[in-house]
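For reference, the structure discussed in these notes is given below.
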Amino acid sequence: MTTPLIKPPRKDPLARTRLPLLPPAARSRTAHGLTAAAAEGRFALQVCQDCAAVVYPPRDACPSCLSARLPFRDVDPRGKLTVETTVRVSPEPYFRERVPWRVGLVKLDVGPMVVAHLHGDTREGEVVCLALKLDRSGAPVMLALPEKDTPHMADDPILRELTCDPKFRRILITDGRNAVGQAMAKAFADAGASAIFVGIADPWKPFAGEAALKAIAGVEIVPLDLTDSASVDKLAAQNGGRIDIVVNTAEHVRPGGVIGGDGVTVAREAMELRYLGLMRLAQAFGPGLRMRGADGVNSSAAFVNLLSVHALANWPAYGVYSAAEAACLSLAQSLRAELRPGGVKVLNVFAGPLETEWFQTVPPPKVAPAALAKAVVGALRQGIEDVYVGDVAQDIRARLDINPKALERELGE
Amino acid sequence: MTAPPASARSSLRRSYDGVVACLPVTIPYRRYSVNGAQWWVGRALHDLIKGAGLRPKDIDGLSVSSFTMAPDSAIGLTQHYGLSPRWLDNVPLGGASAVVALRRAARAVQAGDADLVACVAGDTNHVDSFRKTLAHFSRFAQDAVYPYGAGGANASFALIAKNYMNTFGARREDFGKLCVAQRANALNFPHALMKSPLTLDAYMAARPIADPIHLFDCVMPCAGAEAFLVCREDTARSLGLPGVRVLATIERHHAFPDDPVQIRGGWAVDVDELWAMAGVTPDAVDFVETYDDYPVISMMQFEDLGFCAKGEGPDFVRAHSFTNDGDFPHNTSGGQLSVGQAGAAGGYLGLVEAMRQLTGTALGNPLAHADIGLVSGFGMINYDRGLSSCAAVLARPS
């Protein structure tokens with residue numbers, strides 16, 4: 001059984017903050033097939049298209065038939081923990097300050113023998129379930145989990161190192177005026193976050209759901225306007241050192257394409273709030289997040305971008321909106337690389353139209369704010385990097401894989 | 001068409017008659033060195049040429065093994081050292097380097113492709129260079145082993161040792177017996193980095209590194225170089241060098257891929273051929289030099305090379321004594337466990353020591369009888385197991 005975490009005490013302001021170190025990040029290009037699966041929380045290995053052999057470690061030729069046709073496919077993650085060891089001495093600084101560290105050999109039912117990190121509730125000789133996780137370097141690693149869930153298993157130190165579990169962490173939600181921000185606050189409170197700072201621009205203006213938001217345990221309303229650099233910098237100066245997960249819930253949804261409509265006015269507004277707002281947020285809070293990646297139980301962990309799935313493929317009915325979302329996605333890719341030295345993940349959450357006022361005329365299926373919030377918390381607990389929420393997002397993801405040109409045409413019809 | 005069985009193939013192999021290995025050279029090991037691998041290899045070549053009374057241009061064959069000479073490979077060394085060989089080999093096989101270099105060089109000499117082959121292995125050990133070697137040892141290690149605790153060979157062999165203990169009932173005391181005996185053998189060996197006696201109690205009480213591997217199961221990475229010369233028997237005689245005869249050799253890579261965890265090496269495939277070619281049985285050898293980075297691998301070699309059956313390694317160890325004055329002299333210079341592991345030169349340690357014992361020039365404790373010796377090599381944990389295995393049966397000069 002995992003020893004449950006206890007809430008970390010208030011930090012000694014005079015104590016030095018331990019700087020983040022990273023596990024070995026180097027991987028071959030082929031091994032990044034594992035990165036792609038781990039980023040979405042899938043368990044995929046190479047499967048030979050000619051002889052069906054399941055192959056690991058990643059190869060460029062099948063060891064059974066020398067075929068080069070070795071795509072990554074989802075496979076059964078179960079196996080037996082054949083033998084284990086506890087590493088007590090390691091030359092790598094990252095592991096040196098984290099030993100003892102259990103690793104073992106897992107014989108997968110589908111064939112390969114896999115070197116894996118071991119969850120504390122796994123035992124030699126027993127059935128385990130492998131998961132592909134992104135470690136603090138953003139590199140894919142194998143983790144052996146017990147076959148069935150065990151009490152407090154998320155509190156296992158190795159698993160927590162590989163995830164961004166909100167439990168006992170402090171959250172910044174950038175806009176609590178909208179339904180998504182409010183649902184997010186509720187979900188993080190339920191997930192055991194120890195403090196939830198919720199940004200409100202012009203707090204003197206009342207808004208729907210205000211009373212319910214303020215009633216959520218742990219919520220503290222803070223003034224925050226992402227279109228105003230001074231406002232963002234002021235909040236970072238006050239609270240930046242004690243925020244572990246940033247969730248950007250700012251939204252700017254307007255129908256309309258490029259020609260006609262409101263000219264550049266709407267586009268400028270959208271970019272000001274969404275693109276430049278994201279940049280202000282990242283510039284103000286990024287350095288603190290990157291410094292505090294190894295700061296104990298409540299180390300910094302993640303930066304969450306809520307994006308439209310139409311960031312990936314423009315939807316001309318909401319063409320200007322889609323373009324602003326695409327700009328945010330591109331910026332998030334840069335931010336992901338820039339936060340990686342701190343072991344901090346950037347979680348991109350792709351959703352289809354939401355069940356909110358600005359999508360009033362759009363037919364279902366739509367994503368309820370509470371469902372989006374649940375997906376975000378789930379993704380952080382899993383430690384994944386990209387999540388597609390709802391039927392529309394899943395559909396567009398699948399169609400992009402098959403034929404992006406067909407998707408482009410069909411979105412314009 | 002299927003390959004002929006090993007028993008049929010062995011009859012096709014020619015003997016190494018007329019070829020010898022001579023002039024064992026050791027450049028004393030150091031824990032850390034400020035010099036590069038090229039310095040260490042260069043010192044070994046210098047001593048080899050000086051010992052044979054030759055000039056650099058007389059060397060017409062060169063075989064090099066090193067982990068740390070990047071960005072050079074063997075070819076760059078020819079210009080570095082002013083050599084102009086007509087036969088050049090690079091043997092990047094770690095603990096299997098020496099026997100593999102020997103058998104290739106012997107064939108080259110036998111065929112007339114070269115007359116004087118310098119076989120040399122050398123590595124440096126800078127502060128922190130060992131970690132970098134581990135991190136980039138192989139693609140599989142980089143992708144699928146090193147990110148898991150970065151325990152390096154210690155962690156990989158811990159899994160192999162633990163599985164061997166679970167499967168065959170070996171105990172830590174059995175591994176300890178080998179380590180203690182090797183340390184006793186090392187006490188008079190001038191180049192050994194470990195110079196204080198080791199007791200079984202101290203072995204058992206050592207700090208854990210990666211369970212069940214404890215401190216004295218591990219070799220100490222260091223800098224050093226080893227070398228020898230391969231030539232015709234008459235050439236050696238004309239140079240006044242006693243030449244060790246090569247009775248038989250084997251080499252095998254990536255044997256038994258279907259064993260879930262390594263419990264044997266490639267020796268088990270070729271062991272019958274080894275003894276048939278040598279024309280002797282295992283009980284004819286006076287001493288054995290195994291590749292000993294971790295005593296469990298020595299135990300596997302006793303089994304796979306025919307001294308006992310698979311799984312009987314622990315009983316074999318309990319029934320014998322392994323010091324130079326014992327009934328099964330083993331790793332007579334102290335092995336890498338006591339001398340240190342100078343990268344690829346570690347693979348040469350046993351062969352060079354065997355040459356000295358067979359020519360009556362032991363630097364440490366000489367054996368009472370040393371007519372025939374067995375040297376075996378093992379190397380290259382690419383992913384979850386050592387891939388290369390090899391062995392040679394050697395005999396004193398005729």
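Letters A, B, ... mark the chains of the structure tokens in the order given; residue numbers begin at 1 per chain; ligand numbers begin at 1, in order shown.
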>> Can you pull out the residues contacting region 285-287 of chain B? Cut-off 9 Å, using only C-alpha atoms, and skip same-chain residues under 3 positions away; I want them as a list in words.
In response: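 That gives Val280, Thr281, Pro282, Asn324, Asp327, Phe328, Pro329, His330, Asn331, Thr332, Ala354, Leu367, His369, Ala370, Asp371, Ile372, Gly373, Leu374, Val375 and Val393 of chain B.
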>> Give me the residues near Val103 (chain A) as a ChimeraX atom specification, where near means some atom within 12 Å (using only C-alpha atoms) and where sequence neighbours in that chain fewer than 4 positions away do not count.
In response: /A:81-88,99,114-120,122-124,141-145,158 /B:144-152,155-156,158-159,210-211
Just write the chosen residues, C-alpha atoms, as a PDB file, in the first residue's frame.
```pdb
ATOM      1  CA  LEU A  81       7.362  -8.456 -13.193  1.00  0.00           C
ATOM      2  CA  THR A  82      10.041 -11.102 -13.677  1.00  0.00           C
ATOM      3  CA  VAL A  83      12.782  -9.600 -11.541  1.00  0.00           C
ATOM      4  CA  GLU A  84      13.451  -6.298  -9.820  1.00  0.00           C
ATOM      5  CA  THR A  85      16.278  -4.344  -8.282  1.00  0.00           C
ATOM      6  CA  THR A  86      16.582  -1.211  -6.219  1.00  0.00           C
ATOM      7  CA  VAL A  87      19.100   1.250  -7.574  1.00  0.00           C
ATOM      8  CA  ARG A  88      20.837   2.838  -4.577  1.00  0.00           C
ATOM      9  CA  VAL A  99      17.432   6.934  -4.756  1.00  0.00           C
ATOM     10  CA  VAL A 114      10.855  -4.268 -20.896  1.00  0.00           C
ATOM     11  CA  VAL A 115      13.015  -2.403 -18.399  1.00  0.00           C
ATOM     12  CA  ALA A 116      10.564  -0.322 -16.371  1.00  0.00           C
ATOM     13  CA  HIS A 117      10.217   1.981 -13.401  1.00  0.00           C
ATOM     14  CA  LEU A 118       8.227   0.235 -10.683  1.00  0.00           C
ATOM     15  CA  HIS A 119       5.272   1.639  -8.762  1.00  0.00           C
ATOM     16  CA  GLY A 120       5.644   0.916  -5.048  1.00  0.00           C
ATOM     17  CA  THR A 122       4.189  -3.858  -7.647  1.00  0.00           C
ATOM     18  CA  ARG A 123       5.809  -7.102  -6.534  1.00  0.00           C
ATOM     19  CA  GLU A 124       8.324  -9.443  -8.157  1.00  0.00           C
ATOM     20  CA  VAL A 141       9.414   5.935 -19.995  1.00  0.00           C
ATOM     21  CA  MET A 142       7.787   2.656 -19.016  1.00  0.00           C
ATOM     22  CA  LEU A 143       6.128   2.460 -15.612  1.00  0.00           C
ATOM     23  CA  ALA A 144       4.872  -0.812 -14.136  1.00  0.00           C
ATOM     24  CA  LEU A 145       1.638  -0.334 -12.185  1.00  0.00           C
ATOM     25  CA  ILE A 158       7.712   7.611  -8.721  1.00  0.00           C
TER      26      ILE A 158
ATOM     27  CA  ALA B 144      15.421   1.894 -22.916  1.00  0.00           C
ATOM     28  CA  VAL B 145      17.847   1.353 -20.018  1.00  0.00           C
ATOM     29  CA  TYR B 146      19.805   4.419 -18.928  1.00  0.00           C
ATOM     30  CA  PRO B 147      16.681   6.570 -18.272  1.00  0.00           C
ATOM     31  CA  TYR B 148      15.617   3.980 -15.662  1.00  0.00           C
ATOM     32  CA  GLY B 149      17.622   5.004 -12.621  1.00  0.00           C
ATOM     33  CA  ALA B 150      20.814   5.357 -14.671  1.00  0.00           C
ATOM     34  CA  GLY B 151      22.294   2.515 -12.659  1.00  0.00           C
ATOM     35  CA  GLY B 152      24.415   1.456 -15.645  1.00  0.00           C
ATOM     36  CA  ALA B 155      21.576  -2.233 -12.351  1.00  0.00           C
ATOM     37  CA  SER B 156      21.562  -4.468 -15.425  1.00  0.00           C
ATOM     38  CA  ALA B 158      21.681  -6.741 -10.538  1.00  0.00           C
ATOM     39  CA  LEU B 159      18.649  -7.983 -12.463  1.00  0.00           C
ATOM     40  CA  ALA B 210      21.681  -2.155  -6.735  1.00  0.00           C
ATOM     41  CA  ASP B 211      20.242  -5.139  -4.866  1.00  0.00           C
TER      42      ASP B 211
END
```
> Where does DSSP see strand (DSSP E) in region 230-320 of chain A, if you list the residues as a list in words?
Replying inline: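 Secondary structure check on region 230-320 of chain A, strand (DSSP E): Ile245, Val246, Val247, Asn248, Ala302, Phe303, Val304, Asn305, Leu306, Leu307 and Ser308 of chain A.
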Output the selection as a PDB file, in the first residue's frame - N, CA and C atoms for each residue.
```
ATOM      1  N   ILE A 245       0.359  25.124 -10.816  1.00  0.00           N
ATOM      2  CA  ILE A 245      -0.288  24.783 -12.090  1.00  0.00           C
ATOM      3  C   ILE A 245      -1.051  26.014 -12.568  1.00  0.00           C
ATOM      4  N   VAL A 246      -0.774  26.459 -13.789  1.00  0.00           N
ATOM      5  CA  VAL A 246      -1.498  27.581 -14.391  1.00  0.00           C
ATOM      6  C   VAL A 246      -2.498  27.006 -15.393  1.00  0.00           C
ATOM      7  N   VAL A 247      -3.736  27.437 -15.276  1.00  0.00           N
ATOM      8  CA  VAL A 247      -4.757  26.991 -16.227  1.00  0.00           C
ATOM      9  C   VAL A 247      -5.335  28.237 -16.885  1.00  0.00           C
ATOM     10  N   ASN A 248      -5.044  28.379 -18.165  1.00  0.00           N
ATOM     11  CA  ASN A 248      -5.519  29.577 -18.870  1.00  0.00           C
ATOM     12  C   ASN A 248      -6.916  29.332 -19.423  1.00  0.00           C
ATOM     13  N   ALA A 302       2.694  22.165 -14.117  1.00  0.00           N
ATOM     14  CA  ALA A 302       2.093  22.208 -15.456  1.00  0.00           C
ATOM     15  C   ALA A 302       1.563  23.597 -15.805  1.00  0.00           C
ATOM     16  N   PHE A 303       1.522  23.826 -17.095  1.00  0.00           N
ATOM     17  CA  PHE A 303       0.870  25.002 -17.677  1.00  0.00           C
ATOM     18  C   PHE A 303      -0.187  24.448 -18.626  1.00  0.00           C
ATOM     19  N   VAL A 304      -1.442  24.791 -18.368  1.00  0.00           N
ATOM     20  CA  VAL A 304      -2.535  24.191 -19.132  1.00  0.00           C
ATOM     21  C   VAL A 304      -3.124  25.204 -20.103  1.00  0.00           C
ATOM     22  N   ASN A 305      -3.117  24.860 -21.378  1.00  0.00           N
ATOM     23  CA  ASN A 305      -3.752  25.683 -22.412  1.00  0.00           C
ATOM     24  C   ASN A 305      -5.064  25.050 -22.827  1.00  0.00           C
ATOM     25  N   LEU A 306      -6.151  25.791 -22.688  1.00  0.00           N
ATOM     26  CA  LEU A 306      -7.416  25.311 -23.239  1.00  0.00           C
ATOM     27  C   LEU A 306      -7.527  25.859 -24.653  1.00  0.00           C
ATOM     28  N   LEU A 307      -7.581  24.968 -25.602  1.00  0.00           N
ATOM     29  CA  LEU A 307      -7.569  25.363 -27.018  1.00  0.00           C
ATOM     30  C   LEU A 307      -8.768  24.784 -27.730  1.00  0.00           C
ATOM     31  N   SER A 308      -9.186  25.478 -28.777  1.00  0.00           N
ATOM     32  CA  SER A 308     -10.177  24.872 -29.670  1.00  0.00           C
ATOM     33  C   SER A 308      -9.479  23.832 -30.533  1.00  0.00           C
TER      34      SER A 308
END
```
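One finds CA of Pro57 (chain A) at 16.6 Å from CA of Arg78 (chain A).
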> Near region 77-84 of chain B, counting only C-alpha atoms, which residues have an atom at most 10 Å away, once you skip same-chain residues fewer than 6 positions from it, shown as a ChimeraX atom specification?
Replying inline: /B:38,41-42,45-46,55-62,64,69
>> So that I can check the surroundings of Ala74 (chain B), please list as a list of chain:residue names every protein, DNA and RNA residue that reaches within 8 Å of it, counting only C-alpha atoms and ignoring chain neighbours fewer than 5 positions away.
In response: B:Ser63, B:Val64, B:Leu88, B:Asp89, B:Asn90
